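Asks: File name data22.pdb; file contents PDB, C-alpha atoms and all ligand atoms; full text below.
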```pdb
ATOM      1  CA  MET A   7      -6.319   4.073  -6.231
ATOM      2  CA  THR A   8      -6.774   6.999  -3.838
ATOM      3  CA  GLU A   9      -3.782   9.162  -2.853
ATOM      4  CA  ARG A  10      -3.842  10.816   0.521
ATOM      5  CA  LYS A  11      -1.708  13.343   2.308
ATOM      6  CA  LYS A  12       1.156  12.195   4.503
ATOM      7  CA  VAL A  13       0.091  11.805   8.122
ATOM      8  CA  THR A  14       2.290  13.905  10.421
ATOM      9  CA  LEU A  15       2.449  14.590  14.152
ATOM     10  CA  ARG A  16       0.542  17.770  13.416
ATOM     11  CA  THR A  17      -2.271  15.800  11.741
ATOM     12  CA  LEU A  18      -2.448  13.422  14.688
ATOM     13  CA  PHE A  19      -2.528  16.120  17.393
ATOM     14  CA  LYS A  20      -5.147  18.034  15.363
ATOM     15  CA  LYS A  21      -7.370  14.937  15.343
ATOM     16  CA  VAL A  22      -6.921  14.546  19.088
ATOM     17  CA  ALA A  23      -7.706  18.228  19.695
ATOM     18  CA  GLU A  24     -10.877  17.862  17.604
ATOM     19  CA  ASN A  25     -11.928  14.747  19.554
ATOM     20  CA  GLU A  26     -11.582  12.526  16.501
ATOM     21  CA  PRO A  27     -10.287   9.058  17.424
ATOM     22  CA  VAL A  28      -6.900   8.067  15.981
ATOM     23  CA  THR A  29      -6.888   4.744  14.084
ATOM     24  CA  PHE A  30      -3.892   2.469  14.574
ATOM     25  CA  LEU A  31      -3.179  -1.098  13.398
ATOM     26  CA  THR A  32      -0.251  -3.465  13.350
ATOM     27  CA  CYS A  33       1.154  -4.458   9.976
ATOM     28  CA  TYR A  34       4.153  -6.526   8.934
ATOM     29  CA  ASP A  35       4.147  -6.850   5.133
ATOM     30  CA  TYR A  36       3.758  -4.983   1.850
ATOM     31  CA  PRO A  37       0.294  -6.148   0.630
ATOM     32  CA  THR A  38      -1.356  -5.568   4.016
ATOM     33  CA  ALA A  39       0.273  -2.143   4.232
ATOM     34  CA  HIS A  40      -1.153  -1.346   0.800
ATOM     35  CA  PHE A  41      -4.688  -2.184   2.017
ATOM     36  CA  GLN A  42      -4.234  -0.204   5.236
ATOM     37  CA  GLU A  43      -3.059   2.787   3.214
ATOM     38  CA  GLN A  44      -6.160   2.531   0.997
ATOM     39  CA  ALA A  45      -8.409   2.254   4.061
ATOM     40  CA  GLY A  46      -6.937   5.473   5.476
ATOM     41  CA  VAL A  47      -5.461   4.059   8.694
ATOM     42  CA  ASP A  48      -3.713   6.939  10.523
ATOM     43  CA  MET A  49      -0.858   5.079  12.217
ATOM     44  CA  ILE A  50       0.762   1.711  11.527
ATOM     45  CA  LEU A  51       2.820  -0.235  14.043
ATOM     46  CA  VAL A  52       5.350  -2.731  12.779
ATOM     47  CA  GLY A  53       5.097  -4.593  16.073
ATOM     48  CA  ASP A  54       7.564  -7.115  17.392
ATOM     49  CA  SER A  55       4.396  -9.212  17.726
ATOM     50  CA  LEU A  56       5.515 -10.304  14.249
ATOM     51  CA  GLY A  57       7.623 -12.849  16.130
ATOM     52  CA  MET A  58       4.351 -14.585  17.019
ATOM     53  CA  THR A  59       1.980 -13.652  14.185
ATOM     54  CA  MET A  60       4.424 -14.014  11.273
ATOM     55  CA  LEU A  61       7.290 -16.171  12.522
ATOM     56  CA  GLY A  62       5.423 -18.582  14.817
ATOM     57  CA  PHE A  63       7.436 -18.061  18.013
ATOM     58  CA  ASP A  64       5.607 -18.307  21.367
ATOM     59  CA  SER A  65       6.780 -14.846  22.442
ATOM     60  CA  THR A  66       8.239 -11.648  21.003
ATOM     61  CA  LEU A  67      11.635 -12.201  22.635
ATOM     62  CA  PRO A  68      13.487 -13.880  19.732
ATOM     63  CA  VAL A  69      12.787 -10.958  17.338
ATOM     64  CA  THR A  70      15.912  -9.082  16.198
ATOM     65  CA  MET A  71      16.557  -5.549  14.941
ATOM     66  CA  ASP A  72      17.261  -6.977  11.483
ATOM     67  CA  ASP A  73      13.839  -8.724  11.459
ATOM     68  CA  MET A  74      12.195  -5.436  12.414
ATOM     69  CA  ILE A  75      14.029  -3.377   9.801
ATOM     70  CA  ARG A  76      13.217  -5.839   7.001
ATOM     71  CA  HIS A  77       9.481  -5.852   7.816
ATOM     72  CA  SER A  78       9.352  -2.079   8.408
ATOM     73  CA  GLN A  79      10.874  -1.462   4.969
ATOM     74  CA  ALA A  80       8.202  -3.648   3.345
ATOM     75  CA  VAL A  81       5.412  -1.845   5.213
ATOM     76  CA  ARG A  82       6.801   1.574   4.255
ATOM     77  CA  ARG A  83       6.765   0.515   0.588
ATOM     78  CA  GLY A  84       3.098  -0.481   0.901
ATOM     79  CA  SER A  85       2.051   2.566   2.908
ATOM     80  CA  PRO A  86       3.960   5.724   2.032
ATOM     81  CA  ASN A  87       1.593   8.027   3.936
ATOM     82  CA  ALA A  88       0.584   6.449   7.255
ATOM     83  CA  TRP A  89       2.526   7.515  10.375
ATOM     84  CA  LEU A  90       4.814   4.503  10.602
ATOM     85  CA  ILE A  91       6.087   3.321  13.977
ATOM     86  CA  GLY A  92       8.858   0.747  14.362
ATOM     87  CA  ASP A  93       8.660  -1.334  17.526
ATOM     88  CA  MET A  94      11.989  -1.621  19.375
ATOM     89  CA  PRO A  95      12.586  -5.376  19.916
ATOM     90  CA  TYR A  96      13.768  -7.086  23.091
ATOM     91  CA  MET A  97      17.222  -5.901  24.249
ATOM     92  CA  SER A  98      17.530  -3.273  21.516
ATOM     93  CA  TYR A  99      17.063  -0.452  24.088
ATOM     94  CA  GLN A 100      17.119  -1.975  27.576
ATOM     95  CA  PRO A 101      20.943  -2.255  27.892
ATOM     96  CA  SER A 102      21.730   1.492  27.624
ATOM     97  CA  VAL A 103      20.584   4.900  26.391
ATOM     98  CA  GLU A 104      23.217   4.637  23.672
ATOM     99  CA  SER A 105      21.871   1.310  22.355
ATOM    100  CA  ALA A 106      18.364   2.816  22.421
ATOM    101  CA  ILE A 107      19.329   5.873  20.335
ATOM    102  CA  ARG A 108      21.419   3.834  17.892
ATOM    103  CA  ASN A 109      18.661   1.285  17.229
ATOM    104  CA  ALA A 110      15.894   3.895  17.109
ATOM    105  CA  GLY A 111      18.004   5.671  14.481
ATOM    106  CA  ARG A 112      18.116   2.500  12.377
ATOM    107  CA  PHE A 113      14.310   2.488  12.093
ATOM    108  CA  MET A 114      14.402   6.055  10.798
ATOM    109  CA  ALA A 115      17.423   5.807   8.478
ATOM    110  CA  GLU A 116      17.031   2.265   7.096
ATOM    111  CA  ALA A 117      13.260   1.764   7.090
ATOM    112  CA  GLY A 118      11.807   5.249   6.639
ATOM    113  CA  CYS A 119       9.844   5.061   9.897
ATOM    114  CA  ASP A 120       8.324   8.214  11.395
ATOM    115  CA  ALA A 121       8.707   7.119  15.016
ATOM    116  CA  ILE A 122       9.548   4.223  17.314
ATOM    117  CA  LYS A 123       7.804   2.534  20.239
ATOM    118  CA  LEU A 124       9.372   1.053  23.352
ATOM    119  CA  GLU A 125       7.966  -0.791  26.369
ATOM    120  CA  GLY A 126       8.349   0.232  30.013
ATOM    121  CA  GLY A 127       7.708   3.158  32.346
ATOM    122  CA  THR A 128       9.843   5.146  34.773
ATOM    123  CA  GLU A 129      12.731   2.671  34.448
ATOM    124  CA  MET A 130      12.868   3.311  30.668
ATOM    125  CA  ALA A 131      12.322   7.093  30.866
ATOM    126  CA  SER A 132      16.044   7.742  30.307
ATOM    127  CA  ARG A 133      15.854   5.754  27.017
ATOM    128  CA  MET A 134      12.740   7.702  26.007
ATOM    129  CA  ALA A 135      14.482  11.013  26.837
ATOM    130  CA  GLY A 136      17.638  10.051  24.915
ATOM    131  CA  ILE A 137      15.691   9.028  21.798
ATOM    132  CA  THR A 138      13.463  12.110  21.759
ATOM    133  CA  ALA A 139      16.476  14.386  22.423
ATOM    134  CA  ALA A 140      18.022  12.828  19.300
ATOM    135  CA  GLY A 141      15.027  14.139  17.338
ATOM    136  CA  ILE A 142      13.204  10.829  16.993
ATOM    137  CA  PRO A 143       9.492  10.802  17.905
ATOM    138  CA  ALA A 144       8.802   8.001  20.375
ATOM    139  CA  MET A 145       5.733   6.254  21.757
ATOM    140  CA  GLY A 146       5.649   4.581  25.181
ATOM    141  CA  HIS A 147       3.885   1.301  25.988
ATOM    142  CA  LEU A 148       2.458   0.478  29.442
ATOM    143  CA  GLY A 149       0.130  -2.088  30.990
ATOM    144  CA  LEU A 150       0.673  -5.497  29.464
ATOM    145  CA  THR A 151       4.123  -5.190  27.948
ATOM    146  CA  PRO A 152       4.803  -8.466  26.117
ATOM    147  CA  GLN A 153       8.604  -8.257  26.435
ATOM    148  CA  SER A 154       8.136  -8.549  30.240
ATOM    149  CA  VAL A 155       5.431 -11.219  30.058
ATOM    150  CA  SER A 156       7.378 -13.560  32.303
ATOM    151  CA  ALA A 157       7.754 -10.923  35.053
ATOM    152  CA  LEU A 158       4.103  -9.884  34.652
ATOM    153  CA  GLY A 159       2.824 -13.431  35.186
ATOM    154  CA  GLY A 160       1.452 -14.039  31.685
ATOM    155  CA  PHE A 161      -0.779 -12.254  29.188
ATOM    156  CA  ARG A 162      -3.228 -10.827  31.763
ATOM    157  CA  LEU A 163      -4.976  -7.592  32.754
ATOM    158  CA  GLN A 164      -2.637  -5.055  34.388
ATOM    159  CA  GLY A 165      -3.485  -2.269  36.870
ATOM    160  CA  LYS A 166      -6.588  -3.853  38.363
ATOM    161  CA  GLY A 167      -5.498  -3.039  41.924
ATOM    162  CA  ALA A 168      -5.125   0.573  43.109
ATOM    163  CA  HIS A 169      -1.367   0.324  43.803
ATOM    164  CA  GLN A 170      -0.484  -1.155  40.437
ATOM    165  CA  ALA A 171      -2.841   1.349  38.759
ATOM    166  CA  LYS A 172      -1.098   4.263  40.535
ATOM    167  CA  LYS A 173       2.279   2.979  39.307
ATOM    168  CA  ILE A 174       0.969   2.929  35.706
ATOM    169  CA  ILE A 175      -0.327   6.518  36.094
ATOM    170  CA  ASP A 176       3.105   7.600  37.423
ATOM    171  CA  ASP A 177       4.848   5.729  34.601
ATOM    172  CA  ALA A 178       2.685   7.503  32.013
ATOM    173  CA  LYS A 179       3.665  10.897  33.454
ATOM    174  CA  ALA A 180       7.350   9.918  33.460
ATOM    175  CA  LEU A 181       7.171   8.945  29.773
ATOM    176  CA  GLU A 182       5.289  12.122  28.888
ATOM    177  CA  GLN A 183       7.905  14.223  30.699
ATOM    178  CA  ALA A 184      10.640  12.314  28.863
ATOM    179  CA  GLY A 185       9.130  13.490  25.573
ATOM    180  CA  ALA A 186       6.815  10.679  24.416
ATOM    181  CA  PHE A 187       4.371  11.945  21.777
ATOM    182  CA  ALA A 188       1.943   9.129  22.645
ATOM    183  CA  ILE A 189       1.507   6.247  25.056
ATOM    184  CA  LEU A 190      -0.073   2.898  24.304
ATOM    185  CA  LEU A 191      -2.019   1.319  27.171
ATOM    186  CA  GLU A 192      -2.460  -2.402  26.654
ATOM    187  CA  LEU A 193      -4.924  -4.514  28.632
ATOM    188  CA  VAL A 194      -5.681  -2.165  31.507
ATOM    189  CA  PRO A 195      -9.138  -1.419  33.007
ATOM    190  CA  ASP A 196     -11.210   1.181  31.130
ATOM    191  CA  ARG A 197     -11.326   3.546  34.128
ATOM    192  CA  LEU A 198      -7.538   3.507  34.495
ATOM    193  CA  CYS A 199      -7.213   4.367  30.802
ATOM    194  CA  GLN A 200      -9.709   7.196  31.292
ATOM    195  CA  LEU A 201      -7.729   8.649  34.221
ATOM    196  CA  ILE A 202      -4.499   8.582  32.225
ATOM    197  CA  THR A 203      -6.172  10.034  29.115
ATOM    198  CA  GLU A 204      -7.651  12.896  31.156
ATOM    199  CA  ARG A 205      -4.228  13.645  32.649
ATOM    200  CA  ALA A 206      -2.305  13.617  29.337
ATOM    201  CA  GLU A 207      -1.109  17.118  28.435
ATOM    202  CA  ASP A 208       1.649  16.873  25.822
ATOM    203  CA  CYS A 209       0.944  13.404  24.490
ATOM    204  CA  PHE A 210      -2.046  11.361  23.418
ATOM    205  CA  ILE A 211      -3.180   7.964  24.628
ATOM    206  CA  ILE A 212      -3.912   4.892  22.531
ATOM    207  CA  GLY A 213      -5.793   1.925  23.972
ATOM    208  CA  LEU A 214      -5.535  -1.760  23.150
ATOM    209  CA  GLY A 215      -8.063  -3.660  25.232
ATOM    210  CA  ALA A 216      -8.293  -0.576  27.440
ATOM    211  CA  GLY A 217     -11.836   0.666  26.771
ATOM    212  CA  PRO A 218     -13.330   3.572  24.839
ATOM    213  CA  HIS A 219     -11.791   6.587  26.601
ATOM    214  CA  ALA A 220      -8.372   6.729  24.923
ATOM    215  CA  HIS A 221      -7.635   9.216  22.119
ATOM    216  CA  GLY A 222      -7.288   6.313  19.695
ATOM    217  CA  GLN A 223      -7.496   2.535  19.311
ATOM    218  CA  LEU A 224      -4.940  -0.090  18.301
ATOM    219  CA  LEU A 225      -5.741  -3.607  17.121
ATOM    220  CA  ILE A 226      -3.457  -6.432  16.111
ATOM    221  CA  TYR A 227      -4.222  -7.062  12.453
ATOM    222  CA  HIS A 228      -4.082 -10.853  12.781
ATOM    223  CA  ASP A 229      -6.620 -10.775  15.627
ATOM    224  CA  MET A 230      -9.102  -8.589  13.739
ATOM    225  CA  PHE A 231      -9.151 -10.987  10.772
ATOM    226  CA  GLY A 232      -8.927 -14.358  12.527
ATOM    227  CA  LEU A 233      -5.445 -15.001  11.156
ATOM    228  CA  TYR A 234      -3.649 -16.136  14.323
ATOM    229  CA  PRO A 235      -4.367 -19.798  15.036
ATOM    230  CA  LYS A 236      -2.997 -20.076  18.597
ATOM    231  CA  PHE A 237      -5.502 -17.897  20.473
ATOM    232  CA  LYS A 238      -8.219 -15.268  20.054
ATOM    233  CA  PRO A 239      -7.941 -12.484  22.645
ATOM    234  CA  ARG A 240     -11.252 -11.260  24.074
ATOM    235  CA  MET A 241     -10.260  -7.616  23.550
ATOM    236  CA  ALA A 242     -10.043  -8.017  19.775
ATOM    237  CA  LYS A 243     -13.133  -7.723  17.611
ATOM    238  CA  VAL A 244     -13.006  -9.987  14.564
ATOM    239  CA  PHE A 245     -14.034  -7.718  11.673
ATOM    240  CA  ALA A 246     -13.923 -10.499   9.070
ATOM    241  CA  GLU A 247     -13.084 -14.214   9.266
ATOM    242  CA  ALA A 248     -10.357 -13.981   6.628
ATOM    243  CA  GLY A 249      -8.594 -17.028   8.073
ATOM    244  CA  GLU A 250     -11.674 -19.152   7.354
ATOM    245  CA  ILE A 251     -11.956 -17.797   3.817
ATOM    246  CA  ILE A 252      -8.289 -18.591   3.159
ATOM    247  CA  LEU A 253      -8.624 -22.097   4.646
ATOM    248  CA  ASN A 254     -11.670 -22.823   2.476
ATOM    249  CA  GLY A 255      -9.783 -21.604  -0.595
ATOM    250  CA  LEU A 256      -6.827 -23.853   0.256
ATOM    251  CA  LYS A 257      -9.077 -26.891   0.706
ATOM    252  CA  GLN A 258     -10.735 -26.158  -2.637
ATOM    253  CA  TYR A 259      -7.310 -25.893  -4.315
ATOM    254  CA  VAL A 260      -6.228 -29.281  -2.925
ATOM    255  CA  GLN A 261      -9.526 -30.816  -4.089
ATOM    256  CA  GLU A 262      -9.413 -29.307  -7.577
ATOM    257  CA  VAL A 263      -5.812 -30.357  -8.253
ATOM    258  CA  THR A 264      -6.557 -33.834  -6.912
ATOM    259  CA  ASP A 265      -9.666 -34.053  -9.160
ATOM    260  CA  HIS A 266      -7.833 -32.663 -12.243
ATOM    261  CA  GLN A 267     -10.148 -29.634 -12.204
ATOM    262  CA  PHE A 268      -7.282 -27.158 -11.993
ATOM    263  CA  PRO A 269      -5.672 -25.825 -14.147
ATOM    264  CA  GLN A 270      -8.177 -24.999 -16.921
ATOM    265  CA  PRO A 271      -7.210 -23.636 -20.391
ATOM    266  CA  GLU A 272      -7.571 -20.049 -19.171
ATOM    267  CA  ASN A 273      -4.816 -20.758 -16.639
ATOM    268  CA  TRP A 274      -2.154 -21.942 -19.108
ATOM    269  CA  PHE A 275      -0.380 -20.800 -22.280
ATOM    270  CA  GLY A 276      -0.203 -22.561 -25.640
ATOM    271  CA  MET A 277       2.515 -22.813 -28.294
ATOM    272  CA  PRO A 278       1.999 -22.285 -32.084
ATOM    273  CA  ASP A 279       1.734 -25.624 -33.968
ATOM    274  CA  GLU A 280       4.678 -24.856 -36.277
ATOM    275  CA  GLU A 281       6.978 -24.090 -33.311
ATOM    276  CA  TYR A 282       5.848 -27.229 -31.556
ATOM    277  CA  ASP A 283       6.405 -29.369 -34.673
ATOM    278  CA  GLU A 284       9.883 -27.888 -35.138
ATOM    279  CA  LEU A 285      10.724 -28.616 -31.520
ATOM    280  CA  ILE A 286       9.621 -32.246 -31.857
ATOM    281  CA  THR A 287      11.765 -32.573 -34.979
ATOM    282  CA  MET A 288      14.740 -31.151 -33.077
ATOM    283  CA  LEU A 289      14.189 -33.648 -30.306
ATOM    284  CA  GLU A 290      14.119 -36.531 -32.794
TER
HETATM  285  O1  LIG B 301       4.315  -5.797  18.998
HETATM  286  C1  LIG B 301       3.173  -5.344  18.994
HETATM  287  O2  LIG B 301       2.371  -5.537  18.073
HETATM  288  C2  LIG B 301       2.776  -4.572  20.142
HETATM  289  C3  LIG B 301       1.329  -4.591  20.446
HETATM  290  C4  LIG B 301       1.008  -5.811  21.239
HETATM  291  C5  LIG B 301       0.912  -3.400  21.142
HETATM  292  O3  LIG B 301       3.577  -4.036  20.836
END
```
Could you write out this structure as structure tokens?

Replies:
Amino acid sequence: MTERKKVTLRTLFKKVAENEPVTFLTCYDYPTAHFQEQAGVDMILVGDSLGMTMLGFDSTLPVTMDDMIRHSQAVRRGSPNAWLIGDMPYMSYQPSVESAIRNAGRFMAEAGCDAIKLEGGTEMASRMAGITAAGIPAMGHLGLTPQSVSALGGFRLQGKGAHQAKKIIDDAKALEQAGAFAILLELVPDRLCQLITERAEDCFIIGLGAGPHAHGQLLIYHDMFGLYPKFKPRMAKVFAEAGEIILNGLKQYVQEVTDHQFPQPENWFGMPDEEYDELITMLE
């Protein structure tokens, strides 16, 4: 097993300065975190998308702080060295700056996260400022923000028109000025992402379905391995059909048990004859 150095903000900004793309994936559990650590992923997001990918809800809205803390702790155990970001769930930061700081602090104190992420632009800049003033690194999230999916009219491209694009550019500046170390742009046109990336001064930009110009790329783990049965987003490349492999394994298991092919002697444990005979005597 390879050990690597802890990823820090310094490491990340150095990569950006040297034009090396930052790698970023979602993760929700210990074994997957272990693999991501071995693969050398720079940043891990324990996304509230776990409400959909792990818990089977149709949106991220039912996810609670306690859900997020539990999963973040598991991911931290599996990946001690990636830069770990806890995703602030619905209504954990929107009500007030105080709720935002308190809940961001839980990710740091209870789960060993390195940073948090929250959705929203100018209207959430006060939350971003409060959290960063409390000494907690924070990432912003613009474009398609799943917690506002109802207001945004569904899971669709954002910032296609000039006016909406200008608002996203202004929102990115507001988050940067509020202290965000990075901003995630989800499902926006490539040229909008490029404009925002070129204008970033004190933060770096991560794209998800936003083209090649960002400083780094995020993918949802379940999308990249064909593990989410409800839909396959166009923006996600499937790197391996792990879902198909698992399904084939499950079908084989059902068949082998049904056909008395499993278990085989190498899968069970015997008992010495004398112990067995004594047991039978005891039973008689
Ligand atoms: O929850 C999550 O995984 C996210 C991504 C969709 C960016 O916020």

Asks: Let me make sure I understand: among A:Gly53, A:Phe19, A:Met74, A:Arg83, which one has the smallest atom-to-atom distance to Tyr36 (chain A) if we use only C-alpha atoms?

Replies: A:Arg83

Asks: Hey, which residues come within 6 Å of ligand LIG 301 (chain B) if we count only C-alpha atoms and all ligand atoms? Could you give them as an MDAnalysis selection string?

Replies: chainID A and resid 32 53:55

Asks: Output C-alpha atoms of each residue in that selection to a file, as a PDB file, in the coordinates of the input.

Replies:
```pdb
ATOM      1  CA  THR A  32      -0.251  -3.465  13.350  1.00  0.00           C
ATOM      2  CA  GLY A  53       5.097  -4.593  16.073  1.00  0.00           C
ATOM      3  CA  ASP A  54       7.564  -7.115  17.392  1.00  0.00           C
ATOM      4  CA  SER A  55       4.396  -9.212  17.726  1.00  0.00           C
TER       5      SER A  55
END
```

Asks: Just give me the gap between CA of Tyr96 (chain A) and CA of Val69 (chain A) in Å, one decimal is fine.

Replies: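 It comes out at 7.0 Å.
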
Asks: Taking 3 positions as the minimum chain separation for residues in the same chain, which residues sit within 10 Å of Pro37 (chain A) when counting all atoms listed in the file? Answer as a PyMOL selection string.

Replies: chain A and resi 33-34+40-43+80-81+83-85

Asks: Name the residues that the PyMOL selection byres (((chain A and resi 216-224) around 8) and not hetatm) picks from the file above, as number ranges by chain, using the file's chain letters and numbers.

Replies: A: 22, 25-32, 191-197, 199-200, 203, 210-215, 225-226
